[in-house]
Amino acid sequence: MSMRKLAWPGRIEDGRRVLKYVDALSEAVALEMARDKNVFLFGLDVDDHKAIQGSTRGLLDRFGPERVFTTPLSEDAMTGVAIGAAMAGMRPIHVHIRMDFLMLCMNQLVNIAAKARYMYGGQIKVPLVVRTIIGKSWGQGAQHSQGLHSMFMHVPGLKVCAPSNAHDAKGALIAAIRDDNPVVFVEHRLLYATEAFVAEAPFVVAPGRARVCRFGRDVTIVGISNMVVEALRAADLLKEAGVSAEVIDPIWLAPLDSDTIVESVRRTRKLVIVDNGWSMCGAGAEIAARVAEACAGEGPLQIQRLGFAPTPCPPSPPLEAAFYPNPATIAAAAYKLARPDAQAWAPDAAKAELAYQLQFKGPF
């Protein structure tokens with residue numbers, strides 16, 4: 001099968017292909033399934049006509065039911081199947097529609113998948129990718145809106161990736177499939193329709209490499225998952241107020257490229273971390289700690305974390321809106337750090353709506 005037949009069409013802009021996040025995921029899997037016969041895809045409804053919001057669309061037709069198939073509603077048992085297959089030399093991609101239900105297979109992931117290579121002296125590999133979806137959308141409430149990536153960052157032996165755009169989604173998913181260790185691959189559902197420049201040929205976005213999305217001099221903003229998009233919108237609002245914000249996307253949370261973040265904060269001396277999870281013991285706490293350790297004794301340093309409000313996610317739309325950071329709250333927090341002696345500032349509310357539909361196409 002030619003690579004051209006495996007590529008999703010997208011559209012051409014400035015001579016480059018623009019692809020949706022959701023199609024970049026499908027394309028990455030298709031390319032790796034064609035390259036390696038040991039790669040297979042399974043999970044509840046991956047072969048359904050809606051195909052996990054379109055992210056597995058077309059794969060059943062291309063590769064058949066022996067390599068693309070649904071499962072019973074049994075997360076724990078199916079995770080055991082995935083781990084066993086990986087130990088036997090296959091490269092399974094196990095899809096979970098919601099990250100909330102990874103709690104049902106924590107023992108499998110934490111005690112078996114993450115530790116097997118270490119416990120067997122490197123003789124056992126577990127090349128498993130767990131695709132899992134997070135995020136708000138239409139008031140899904142306390143058990144369907146959680147971002148639990150920090151729980152997996154805590155575990156040695158697990159890699160965690162949370163790409164914020166279609167380019168990185170394709171490259172990081174290919175890297176995850178080729179990795180000999182288990183990877184928890186976190187996708188925010190509101191990013192699925194966003195677009196970016198994406199090359200047709202296979203490429204990897206390697207673990208442990210962050211990206212500076214926008215350069216700035218006054219304050220550093222680190223966004224996680226879709227909060228990168230909201231941080232970029234906040235940077236636009238800050239620019240109107242005369243504040244230059246640098247925006248960094250870690251892409252991979254474990255291993256975490258803290259060097260890129262530290263380098264930026266050494267210049268700005270001010271850091272805002274925006275997470276798509278709770279702040280308590282969250283990814284932002286780890287980033288803040290690393291920056292504080294690296295910059296200790298180098299002069300004044302200001303750090304602030306933003307994340308979920310300290311409560312389960314409410315289903316009411318007005319309360320849900322207050323639950324999440326947004327461009328206005330991010331911009332106001334960054335402004336306060338950058339201009340500590342100025343009066344409190346907040347951007348025009350009309351310009352500060354959630355910006356998940358914003359198209360960030362570079363730099364790549």
# chains A, B, ... in the order shown; residues from 1 in each chain; ligands from 1

call {"tool": "residues_around", "arguments": {"residues": "segment 55-68 of chain A", "least_positions_apart": "4", "cutoff": "10 Å", "atoms": "only C-alpha atoms", "output": "PyMOL selection string"}}
result
chain A and resi 1+5-6+8+21-27+29-30+33-34+37-43+45-51+92-93+95+192

call {"tool": "residues_around", "arguments": {"residues": "segment 262-270 of chain A", "least_positions_apart": "4", "cutoff": "8 Å", "atoms": "only C-alpha atoms", "output": "list in words"}}
result
Arg217, Asp218, Val219, Thr220, Glu246, Ser258, Val291, Ala294, Cys295, Pro300, Leu301, Gln302, Ile303, Leu337 and Ala338 of chain A

call {"tool": "residues_around", "arguments": {"residues": "Ala166 of chain A", "least_positions_apart": "2", "cutoff": "7 Å", "atoms": "only C-alpha atoms", "output": "tab-separated table (two decimals) with all heavy atoms, in the first residue's frame"}}
result
chain	number	residue	atom	x	y	z
A	19	LEU	N	-4.13	19.84	8.04
A	19	LEU	CA	-4.86	18.64	8.44
A	19	LEU	C	-5.49	18.85	9.83
A	19	LEU	O	-4.92	19.53	10.68
A	19	LEU	CB	-3.90	17.44	8.50
A	19	LEU	CG	-4.50	16.04	8.46
A	19	LEU	CD1	-5.23	15.81	7.13
A	19	LEU	CD2	-3.42	14.99	8.66
A	20	LYS	N	-6.65	18.25	10.02
A	20	LYS	CA	-7.28	18.29	11.34
A	20	LYS	C	-6.56	17.34	12.30
A	20	LYS	O	-6.04	16.30	11.89
A	20	LYS	CB	-8.76	17.90	11.24
A	20	LYS	CG	-9.63	18.94	10.58
A	20	LYS	CD	-11.09	18.51	10.62
A	20	LYS	CE	-11.99	19.59	10.01
A	20	LYS	NZ	-13.41	19.18	10.01
A	21	TYR	N	-6.64	17.68	13.56
A	21	TYR	CA	-6.04	16.86	14.63
A	21	TYR	C	-6.57	15.43	14.56
A	21	TYR	O	-5.80	14.46	14.63
A	21	TYR	CB	-6.41	17.51	15.96
A	21	TYR	CG	-5.73	17.01	17.21
A	21	TYR	CD1	-4.76	17.77	17.84
A	21	TYR	CD2	-6.10	15.81	17.81
A	21	TYR	CE1	-4.17	17.35	19.03
A	21	TYR	CE2	-5.51	15.39	19.00
A	21	TYR	CZ	-4.54	16.16	19.60
A	21	TYR	OH	-3.96	15.74	20.78
A	24	ALA	N	-5.06	13.59	11.74
A	24	ALA	CA	-3.63	13.33	11.98
A	24	ALA	C	-3.45	12.07	12.83
A	24	ALA	O	-2.50	11.29	12.61
A	24	ALA	CB	-2.99	14.54	12.68
A	168	ASP	N	1.91	17.85	16.03
A	168	ASP	CA	2.52	17.08	17.13
A	168	ASP	C	1.74	15.81	17.42
A	168	ASP	O	2.33	14.81	17.87
A	168	ASP	CB	2.62	17.95	18.38
A	168	ASP	CG	3.63	19.08	18.21
A	168	ASP	OD1	4.46	19.00	17.29
A	168	ASP	OD2	3.57	20.04	18.99
A	169	ALA	N	0.43	15.83	17.21
A	169	ALA	CA	-0.36	14.62	17.44
A	169	ALA	C	0.12	13.49	16.52
A	169	ALA	O	0.30	12.35	16.97
A	169	ALA	CB	-1.84	14.91	17.19
A	170	LYS	N	0.36	13.81	15.25
A	170	LYS	CA	0.84	12.78	14.33
A	170	LYS	C	2.26	12.32	14.71
A	170	LYS	O	2.52	11.12	14.86
A	170	LYS	CB	0.84	13.30	12.89
A	170	LYS	CG	1.43	12.29	11.91
A	170	LYS	CD	1.38	12.77	10.46
A	170	LYS	CE	2.08	11.76	9.55
A	170	LYS	NZ	2.00	12.16	8.12
A	195	GLU	N	-6.76	22.60	13.29
A	195	GLU	CA	-5.93	22.27	12.14
A	195	GLU	C	-4.51	22.80	12.32
A	195	GLU	O	-4.29	23.79	13.01
A	195	GLU	CB	-6.53	22.87	10.86
A	195	GLU	CG	-7.91	22.35	10.51
A	195	GLU	CD	-8.48	23.05	9.29
A	195	GLU	OE1	-8.19	24.25	9.12
A	195	GLU	OE2	-9.20	22.39	8.52
A	196	ALA	N	-3.58	22.13	11.64
A	196	ALA	CA	-2.19	22.60	11.62
A	196	ALA	C	-1.54	22.09	10.34
A	196	ALA	O	-2.08	21.21	9.65
A	196	ALA	CB	-1.43	22.09	12.84
A	198	VAL	N	0.70	19.73	8.48
A	198	VAL	CA	1.16	18.38	8.80
A	198	VAL	C	1.71	17.74	7.53
A	198	VAL	O	1.00	17.62	6.52
A	198	VAL	CB	0.01	17.50	9.35
A	198	VAL	CG1	0.53	16.12	9.73
A	198	VAL	CG2	-0.65	18.17	10.55

call {"tool": "closest_residue", "arguments": {"among": "A:Ile174, A:Lys336, A:Val274, A:Asn226", "to": "Ala193 of chain A", "atoms": "only C-alpha atoms"}}
result
A:Asn226

call {"tool": "select_by_dssp", "arguments": {"residues": "segment 249-329 of chain A", "states": "alpha helix (DSSP H)", "output": "ChimeraX atom specification"}}
result
/A:258-268,283-295,317-323,327-329

call {"tool": "decode", "arguments": {"residues": "segment 44-60 of chain A", "atoms": "C-alpha atoms", "output": "PDB file, in the first residue's frame"}}
result
ATOM      1  CA  LEU A  44     -14.580  -0.064  22.620  1.00  0.00           C
ATOM      2  CA  ASP A  45     -16.168   1.230  19.356  1.00  0.00           C
ATOM      3  CA  VAL A  46     -12.965   1.787  17.374  1.00  0.00           C
ATOM      4  CA  ASP A  47     -14.759   0.026  14.489  1.00  0.00           C
ATOM      5  CA  ASP A  48     -18.032   1.901  14.958  1.00  0.00           C
ATOM      6  CA  HIS A  49     -19.237   4.160  12.159  1.00  0.00           C
ATOM      7  CA  LYS A  50     -18.524   7.158  14.369  1.00  0.00           C
ATOM      8  CA  ALA A  51     -15.085   5.682  15.113  1.00  0.00           C
ATOM      9  CA  ILE A  52     -14.074   7.466  18.335  1.00  0.00           C
ATOM     10  CA  GLN A  53     -15.177  10.870  17.059  1.00  0.00           C
ATOM     11  CA  GLY A  54     -13.549  10.067  13.723  1.00  0.00           C
ATOM     12  CA  SER A  55     -10.069   9.385  15.051  1.00  0.00           C
ATOM     13  CA  THR A  56     -10.109   5.753  13.850  1.00  0.00           C
ATOM     14  CA  ARG A  57     -12.175   6.367  10.722  1.00  0.00           C
ATOM     15  CA  GLY A  58     -11.088   4.359   7.705  1.00  0.00           C
ATOM     16  CA  LEU A  59      -8.719   2.043   9.542  1.00  0.00           C
ATOM     17  CA  LEU A  60     -11.070  -0.964   9.594  1.00  0.00           C
TER      18      LEU A  60
END
